[in-house]
Amino acid sequence: MTDLLPEYDELKRIADGQLDSAYIPYSHFPVGAALLTSDGQIFAGCNIENVAFGSTMCAERTAIFSAVSAGHRQFKALVVSGRTDGAIAPCGACRQVMVEWFDKTMPIFLTNTEGKVVKTDLEHLLPSSFDDLK
Ligand code: THU
C-alpha cells in the first residue's frame with residue numbers, strides 16, 4: 001500500500017515527531033499530522049489546546065492552515081498519527097476543512113504509533129459533503 005506513495009515514510013516520521021510537539025495540558029491526547037503539497041513540500045501540524053476548550057486546534061487543521069497560509073492550495077497526501085489503539089480518526093470539523101482543498105480521492109493515511117495504517121480518502125471519511133459553493 002505505502003509503496004504507492006514514495007513520500008509516505010517521511011510523512012509518517014514527521015507526523016510521529018509532531019506527537020512530541022502537541023500542546024495538550026488538558027486531554028493529554030497527542031495528535032500529529034504531515035501534509036504533502038503538490039509540489040513536494042511537507043507541512044507539519046500538532047494539536048494545540050486552550051483553556052477555553054473550544055479554541056483548541058486539531059493537528060490536521062494546524063498542518064492544513066499552515067500550508068494554506070504559505071500559499072499552497074493543492075495537496076497530494078495527508079498522514080495523521082496518534083498514540084491510539086487503532087488508527088486515529090479525524091474529527092468532523094477537520095473532515096469538512098479537508099473538503100475545501102483535498103480531492104475526494106486524495107490519499108489520507110490514518111495511523112498510530114504501533115504500526116497500524118489505514119489508507120482512506122474523503123469519499124469515505126465525509127460522503128455527501130457540503131461543497132456547493134466551491
Ligand atoms: N484532535 C486532533 O488533533 N485531531 C482530531 O481529528 C481529533 C482530535 C485533538 C483535539 C484535542 O486536542 C484532542 O485531540 C482531544 O480531542
# chains A, B, ... in the order shown; residues from 1 in each chain; ligands from 1

call {"tool": "residues_near_ligand", "arguments": {"ligand": "ligand 1", "cutoff": "8 Å", "atoms": "only C-alpha atoms and all ligand atoms", "output": "list of chain:residue names"}}
result
A:Tyr23, A:Ile24, A:Tyr26, A:Ser27, A:His28, A:Phe29, A:Pro30, A:Val31, A:Gly32, A:Cys46, A:Asn47, A:Ile48, A:Glu49, A:Thr56, A:Met57, A:Cys58, A:Ala59, A:Glu60, A:Arg61, A:Ile88, A:Ala89, A:Pro90, A:Cys91, A:Gly92, A:Ala93, A:Cys94

call {"tool": "write_last_selection", "arguments": {"atoms": "C-alpha atoms", "output": "PDB file, in the first residue's frame"}}
result
ATOM      1  CA  TYR A  23       0.319  21.162  23.377  1.00  0.00           C
ATOM      2  CA  ILE A  24      -2.107  19.008  25.322  1.00  0.00           C
ATOM      3  CA  TYR A  26      -5.991  19.179  29.179  1.00  0.00           C
ATOM      4  CA  SER A  27      -6.576  15.998  27.172  1.00  0.00           C
ATOM      5  CA  HIS A  28      -3.049  14.524  27.234  1.00  0.00           C
ATOM      6  CA  PHE A  29      -4.035  13.146  23.820  1.00  0.00           C
ATOM      7  CA  PRO A  30      -1.369  13.986  21.235  1.00  0.00           C
ATOM      8  CA  VAL A  31      -2.088  14.031  17.511  1.00  0.00           C
ATOM      9  CA  GLY A  32       0.400  14.633  14.719  1.00  0.00           C
ATOM     10  CA  CYS A  46       0.081  19.055  16.054  1.00  0.00           C
ATOM     11  CA  ASN A  47      -2.945  19.700  18.227  1.00  0.00           C
ATOM     12  CA  ILE A  48      -2.783  22.897  20.240  1.00  0.00           C
ATOM     13  CA  GLU A  49      -5.193  23.094  23.160  1.00  0.00           C
ATOM     14  CA  THR A  56      -8.335  24.165  20.596  1.00  0.00           C
ATOM     15  CA  MET A  57      -6.905  23.465  17.143  1.00  0.00           C
ATOM     16  CA  CYS A  58      -6.533  19.916  15.810  1.00  0.00           C
ATOM     17  CA  ALA A  59      -3.314  18.611  14.282  1.00  0.00           C
ATOM     18  CA  GLU A  60      -4.842  18.173  10.836  1.00  0.00           C
ATOM     19  CA  ARG A  61      -6.087  21.746  10.649  1.00  0.00           C
ATOM     20  CA  ILE A  88      -6.700   7.661  14.628  1.00  0.00           C
ATOM     21  CA  ALA A  89      -9.902   9.143  13.175  1.00  0.00           C
ATOM     22  CA  PRO A  90     -10.109  12.828  12.211  1.00  0.00           C
ATOM     23  CA  CYS A  91     -12.904  14.847  13.821  1.00  0.00           C
ATOM     24  CA  GLY A  92     -15.837  16.176  11.822  1.00  0.00           C
ATOM     25  CA  ALA A  93     -14.543  19.738  11.703  1.00  0.00           C
ATOM     26  CA  CYS A  94     -11.238  18.583  10.207  1.00  0.00           C
TER      27      CYS A  94
END

call {"tool": "select_by_dssp", "arguments": {"residues": "chain A", "states": "alpha helix (DSSP H)", "output": "VMD selection string"}}
result
chain A and resid 8 to 18 59 to 69 92 to 101 122 to 125

call {"tool": "write_last_selection", "arguments": {"atoms": "C-alpha atoms", "output": "PDB file, in the first residue's frame"}}
result
ATOM      1  CA  TYR A   8       4.957   8.007   2.965  1.00  0.00           C
ATOM      2  CA  ASP A   9       7.843   7.138   5.288  1.00  0.00           C
ATOM      3  CA  GLU A  10       8.958  10.752   5.560  1.00  0.00           C
ATOM      4  CA  LEU A  11       5.405  11.959   6.141  1.00  0.00           C
ATOM      5  CA  LYS A  12       4.924   9.324   8.829  1.00  0.00           C
ATOM      6  CA  ARG A  13       8.184  10.250  10.541  1.00  0.00           C
ATOM      7  CA  ILE A  14       7.157  13.911  10.607  1.00  0.00           C
ATOM      8  CA  ALA A  15       3.604  13.144  11.824  1.00  0.00           C
ATOM      9  CA  ASP A  16       5.010  10.948  14.602  1.00  0.00           C
ATOM     10  CA  GLY A  17       7.511  13.654  15.514  1.00  0.00           C
ATOM     11  CA  GLN A  18       4.664  16.125  15.955  1.00  0.00           C
ATOM     12  CA  ALA A  59      -3.314  18.611  14.282  1.00  0.00           C
ATOM     13  CA  GLU A  60      -4.842  18.173  10.836  1.00  0.00           C
ATOM     14  CA  ARG A  61      -6.087  21.746  10.649  1.00  0.00           C
ATOM     15  CA  THR A  62      -2.803  23.089  12.014  1.00  0.00           C
ATOM     16  CA  ALA A  63      -0.993  21.397   9.107  1.00  0.00           C
ATOM     17  CA  ILE A  64      -3.575  22.417   6.505  1.00  0.00           C
ATOM     18  CA  PHE A  65      -3.789  26.049   7.617  1.00  0.00           C
ATOM     19  CA  SER A  66      -0.029  26.293   7.839  1.00  0.00           C
ATOM     20  CA  ALA A  67       0.281  25.112   4.223  1.00  0.00           C
ATOM     21  CA  VAL A  68      -2.547  27.336   3.005  1.00  0.00           C
ATOM     22  CA  SER A  69      -1.074  30.368   4.743  1.00  0.00           C
ATOM     23  CA  GLY A  92     -15.837  16.176  11.822  1.00  0.00           C
ATOM     24  CA  ALA A  93     -14.543  19.738  11.703  1.00  0.00           C
ATOM     25  CA  CYS A  94     -11.238  18.583  10.207  1.00  0.00           C
ATOM     26  CA  ARG A  95     -13.049  16.452   7.624  1.00  0.00           C
ATOM     27  CA  GLN A  96     -15.046  19.479   6.479  1.00  0.00           C
ATOM     28  CA  VAL A  97     -11.887  21.614   6.286  1.00  0.00           C
ATOM     29  CA  MET A  98     -10.240  18.905   4.165  1.00  0.00           C
ATOM     30  CA  VAL A  99     -13.160  19.157   1.708  1.00  0.00           C
ATOM     31  CA  GLU A 100     -12.131  22.719   0.943  1.00  0.00           C
ATOM     32  CA  TRP A 101      -8.800  21.691  -0.634  1.00  0.00           C
ATOM     33  CA  LEU A 122     -12.720  11.996   1.678  1.00  0.00           C
ATOM     34  CA  GLU A 123     -15.149   9.910  -0.354  1.00  0.00           C
ATOM     35  CA  HIS A 124     -15.161   7.571   2.645  1.00  0.00           C
ATOM     36  CA  LEU A 125     -14.485   9.985   5.513  1.00  0.00           C
TER      37      LEU A 125
END

call {"tool": "select_by_dssp", "arguments": {"residues": "region 44-116 of chain A", "states": "strand (DSSP E)", "output": "VMD selection string"}}
result
chain A and resid 44 to 46 75 to 82 108 to 112

call {"tool": "write_last_selection", "arguments": {"atoms": "N, CA and C atoms", "output": "compact mmCIF listing (two decimals), in the first residue's frame"}}
result
# COMPACT_ATOMS: atom_id res chain seq x y z
N ALA A 44 3.84 20.33 8.68
CA ALA A 44 3.57 19.54 9.86
C ALA A 44 2.51 20.22 10.72
N GLY A 45 1.84 19.43 11.54
CA GLY A 45 0.88 20.01 12.48
C GLY A 45 0.71 19.13 13.70
N CYS A 46 0.44 19.78 14.83
CA CYS A 46 0.08 19.06 16.05
C CYS A 46 -1.17 19.72 16.63
N PHE A 75 -2.85 19.54 -2.86
CA PHE A 75 -2.20 18.61 -1.95
C PHE A 75 -2.23 17.20 -2.51
N LYS A 76 -1.23 16.42 -2.06
CA LYS A 76 -1.08 15.06 -2.61
C LYS A 76 -1.41 13.98 -1.60
N ALA A 77 -1.15 14.24 -0.29
CA ALA A 77 -1.39 13.20 0.72
C ALA A 77 -1.33 13.80 2.12
N LEU A 78 -2.04 13.16 3.03
CA LEU A 78 -2.00 13.55 4.44
C LEU A 78 -1.77 12.29 5.27
N VAL A 79 -0.88 12.41 6.24
CA VAL A 79 -0.70 11.34 7.23
C VAL A 79 -1.06 11.91 8.61
N VAL A 80 -1.89 11.17 9.35
CA VAL A 80 -2.26 11.56 10.71
C VAL A 80 -1.82 10.43 11.63
N SER A 81 -1.28 10.81 12.79
CA SER A 81 -0.79 9.79 13.72
C SER A 81 -1.27 10.08 15.14
N GLY A 82 -1.55 9.01 15.88
CA GLY A 82 -1.92 9.15 17.28
C GLY A 82 -1.36 7.99 18.09
N ILE A 108 -5.43 9.66 2.26
CA ILE A 108 -5.31 10.10 3.65
C ILE A 108 -4.96 8.85 4.46
N PHE A 109 -3.79 8.89 5.10
CA PHE A 109 -3.32 7.73 5.85
C PHE A 109 -3.58 7.97 7.34
N LEU A 110 -4.45 7.18 7.91
CA LEU A 110 -4.76 7.27 9.34
C LEU A 110 -3.95 6.19 10.04
N THR A 111 -3.14 6.59 11.01
CA THR A 111 -2.16 5.65 11.57
C THR A 111 -2.13 5.75 13.09
N ASN A 112 -1.38 4.84 13.69
CA ASN A 112 -1.00 5.00 15.09
C ASN A 112 0.49 4.71 15.22

call {"tool": "atom_distance", "arguments": {"atom1": "CA of Gln41 (chain A)", "atom2": "CA of Thr113 (chain A)"}}
result
23.1 Å

call {"tool": "closest_residue", "arguments": {"among": "A:Ser129, A:Leu19, A:Gly115, A:Ala33", "to": "Asp85 (chain A)", "atoms": "only C-alpha atoms"}}
result
A:Gly115

call {"tool": "atom_distance", "arguments": {"atom1": "CA of Asp103 (chain A)", "atom2": "CA of Ser21 (chain A)"}}
result
28.3 Å

call {"tool": "atom_distance", "arguments": {"atom1": "CA of Val118 (chain A)", "atom2": "CA of Ala34 (chain A)"}}
result
15.1 Å

call {"tool": "decode", "arguments": {"residues": "region 46-62 of chain A", "atoms": "all heavy atoms", "output": "mmCIF file, in the first residue's frame"}}
result
data_model
loop_
_atom_site.group_PDB
_atom_site.id
_atom_site.type_symbol
_atom_site.label_atom_id
_atom_site.label_comp_id
_atom_site.auth_asym_id
_atom_site.auth_seq_id
_atom_site.Cartn_x
_atom_site.Cartn_y
_atom_site.Cartn_z
ATOM 1 N N CYS A 46 0.436 19.778 14.834
ATOM 2 C CA CYS A 46 0.081 19.055 16.054
ATOM 3 C C CYS A 46 -1.169 19.715 16.631
ATOM 4 O O CYS A 46 -1.541 20.812 16.208
ATOM 5 C CB CYS A 46 1.218 19.097 17.074
ATOM 6 S SG CYS A 46 1.613 20.762 17.632
ATOM 7 N N ASN A 47 -1.808 19.044 17.573
ATOM 8 C CA ASN A 47 -2.945 19.700 18.227
ATOM 9 C C ASN A 47 -2.441 20.688 19.273
ATOM 10 O O ASN A 47 -1.430 20.462 19.947
ATOM 11 C CB ASN A 47 -3.945 18.698 18.798
ATOM 12 C CG ASN A 47 -3.366 17.602 19.651
ATOM 13 O OD1 ASN A 47 -2.205 17.247 19.523
ATOM 14 N ND2 ASN A 47 -4.169 17.060 20.518
ATOM 15 N N ILE A 48 -3.162 21.784 19.358
ATOM 16 C CA ILE A 48 -2.783 22.897 20.240
ATOM 17 C C ILE A 48 -4.016 23.267 21.049
ATOM 18 O O ILE A 48 -4.983 23.821 20.508
ATOM 19 C CB ILE A 48 -2.291 24.105 19.411
ATOM 20 C CG1 ILE A 48 -1.122 23.687 18.509
ATOM 21 C CG2 ILE A 48 -1.881 25.247 20.346
ATOM 22 C CD1 ILE A 48 -0.751 24.718 17.446
ATOM 23 N N GLU A 49 -4.002 22.912 22.334
ATOM 24 C CA GLU A 49 -5.193 23.094 23.160
ATOM 25 C C GLU A 49 -5.212 24.478 23.809
ATOM 26 O O GLU A 49 -4.227 25.223 23.800
ATOM 27 C CB GLU A 49 -5.246 21.974 24.202
ATOM 28 C CG GLU A 49 -5.365 20.624 23.506
ATOM 29 C CD GLU A 49 -5.597 19.455 24.434
ATOM 30 O OE1 GLU A 49 -5.349 19.573 25.654
ATOM 31 O OE2 GLU A 49 -6.031 18.404 23.909
ATOM 32 N N ASN A 50 -6.384 24.792 24.351
ATOM 33 C CA ASN A 50 -6.571 26.083 25.002
ATOM 34 C C ASN A 50 -7.452 25.883 26.223
ATOM 35 O O ASN A 50 -8.339 25.018 26.220
ATOM 36 C CB ASN A 50 -7.226 27.063 24.020
ATOM 37 C CG ASN A 50 -7.238 28.470 24.563
ATOM 38 O OD1 ASN A 50 -8.153 28.869 25.280
ATOM 39 N ND2 ASN A 50 -6.210 29.229 24.240
ATOM 40 N N VAL A 51 -7.217 26.724 27.217
ATOM 41 C CA VAL A 51 -8.004 26.635 28.441
ATOM 42 C C VAL A 51 -9.493 26.838 28.151
ATOM 43 O O VAL A 51 -10.345 26.277 28.847
ATOM 44 C CB VAL A 51 -7.474 27.633 29.507
ATOM 45 C CG1 VAL A 51 -7.608 29.073 29.025
ATOM 46 C CG2 VAL A 51 -8.168 27.419 30.834
ATOM 47 N N ALA A 52 -9.817 27.622 27.133
ATOM 48 C CA ALA A 52 -11.188 27.666 26.627
ATOM 49 C C ALA A 52 -11.254 26.570 25.563
ATOM 50 O O ALA A 52 -10.777 26.749 24.433
ATOM 51 C CB ALA A 52 -11.497 29.032 26.028
ATOM 52 N N PHE A 53 -11.765 25.413 25.930
ATOM 53 C CA PHE A 53 -11.566 24.202 25.124
ATOM 54 C C PHE A 53 -11.942 24.376 23.651
ATOM 55 O O PHE A 53 -11.314 23.809 22.770
ATOM 56 C CB PHE A 53 -12.359 23.032 25.714
ATOM 57 C CG PHE A 53 -11.886 22.590 27.071
ATOM 58 C CD1 PHE A 53 -12.685 21.744 27.839
ATOM 59 C CD2 PHE A 53 -10.674 23.004 27.599
ATOM 60 C CE1 PHE A 53 -12.263 21.322 29.093
ATOM 61 C CE2 PHE A 53 -10.249 22.593 28.854
ATOM 62 C CZ PHE A 53 -11.055 21.751 29.603
ATOM 63 N N GLY A 54 -12.973 25.160 23.395
ATOM 64 C CA GLY A 54 -13.433 25.344 22.016
ATOM 65 C C GLY A 54 -12.418 26.056 21.137
ATOM 66 O O GLY A 54 -12.547 26.052 19.913
ATOM 67 N N SER A 55 -11.424 26.670 21.751
ATOM 68 C CA SER A 55 -10.391 27.354 20.976
ATOM 69 C C SER A 55 -9.239 26.432 20.600
ATOM 70 O O SER A 55 -8.256 26.865 19.996
ATOM 71 C CB SER A 55 -9.845 28.550 21.765
ATOM 72 O OG SER A 55 -10.885 29.459 22.020
ATOM 73 N N THR A 56 -9.358 25.161 20.958
ATOM 74 C CA THR A 56 -8.335 24.165 20.596
ATOM 75 C C THR A 56 -8.281 23.984 19.081
ATOM 76 O O THR A 56 -9.302 24.045 18.400
ATOM 77 C CB THR A 56 -8.678 22.818 21.282
ATOM 78 O OG1 THR A 56 -8.412 22.949 22.678
ATOM 79 C CG2 THR A 56 -7.878 21.670 20.696
ATOM 80 N N MET A 57 -7.075 23.756 18.570
ATOM 81 C CA MET A 57 -6.905 23.465 17.143
ATOM 82 C C MET A 57 -6.354 22.046 16.972
ATOM 83 O O MET A 57 -5.408 21.657 17.659
ATOM 84 C CB MET A 57 -5.931 24.474 16.510
ATOM 85 C CG MET A 57 -5.749 24.339 15.016
ATOM 86 S SD MET A 57 -7.280 24.299 14.062
ATOM 87 C CE MET A 57 -8.006 25.881 14.496
ATOM 88 N N CYS A 58 -6.973 21.297 16.073
ATOM 89 C CA CYS A 58 -6.533 19.916 15.810
ATOM 90 C C CYS A 58 -5.250 19.908 14.968
ATOM 91 O O CYS A 58 -4.942 20.872 14.253
ATOM 92 C CB CYS A 58 -7.605 19.162 15.050
ATOM 93 S SG CYS A 58 -9.082 18.781 15.995
ATOM 94 N N ALA A 59 -4.569 18.777 15.023
ATOM 95 C CA ALA A 59 -3.314 18.611 14.282
ATOM 96 C C ALA A 59 -3.523 18.752 12.772
ATOM 97 O O ALA A 59 -2.715 19.388 12.080
ATOM 98 C CB ALA A 59 -2.723 17.234 14.591
ATOM 99 N N GLU A 60 -4.601 18.156 12.278
ATOM 100 C CA GLU A 60 -4.842 18.173 10.836
ATOM 101 C C GLU A 60 -5.028 19.606 10.346
ATOM 102 O O GLU A 60 -4.492 20.015 9.320
ATOM 103 C CB GLU A 60 -6.097 17.358 10.487
ATOM 104 C CG GLU A 60 -6.010 15.887 10.851
ATOM 105 C CD GLU A 60 -6.523 15.583 12.252
ATOM 106 O OE1 GLU A 60 -6.283 16.395 13.172
ATOM 107 O OE2 GLU A 60 -7.146 14.531 12.422
ATOM 108 N N ARG A 61 -5.845 20.370 11.073
ATOM 109 C CA ARG A 61 -6.087 21.746 10.649
ATOM 110 C C ARG A 61 -4.854 22.615 10.848
ATOM 111 O O ARG A 61 -4.617 23.549 10.073
ATOM 112 C CB ARG A 61 -7.311 22.315 11.371
ATOM 113 C CG ARG A 61 -8.613 21.899 10.690
ATOM 114 C CD ARG A 61 -9.807 22.421 11.431
ATOM 115 N NE ARG A 61 -9.997 21.726 12.703
ATOM 116 C CZ ARG A 61 -10.690 22.212 13.726
ATOM 117 N NH1 ARG A 61 -11.214 23.420 13.647
ATOM 118 N NH2 ARG A 61 -10.848 21.499 14.817
ATOM 119 N N THR A 62 -4.052 22.336 11.856
ATOM 120 C CA THR A 62 -2.803 23.089 12.014
ATOM 121 C C THR A 62 -1.936 22.911 10.766
ATOM 122 O O THR A 62 -1.402 23.888 10.218
ATOM 123 C CB THR A 62 -2.031 22.617 13.256
ATOM 124 O OG1 THR A 62 -2.857 22.766 14.408
ATOM 125 C CG2 THR A 62 -0.759 23.409 13.454
#
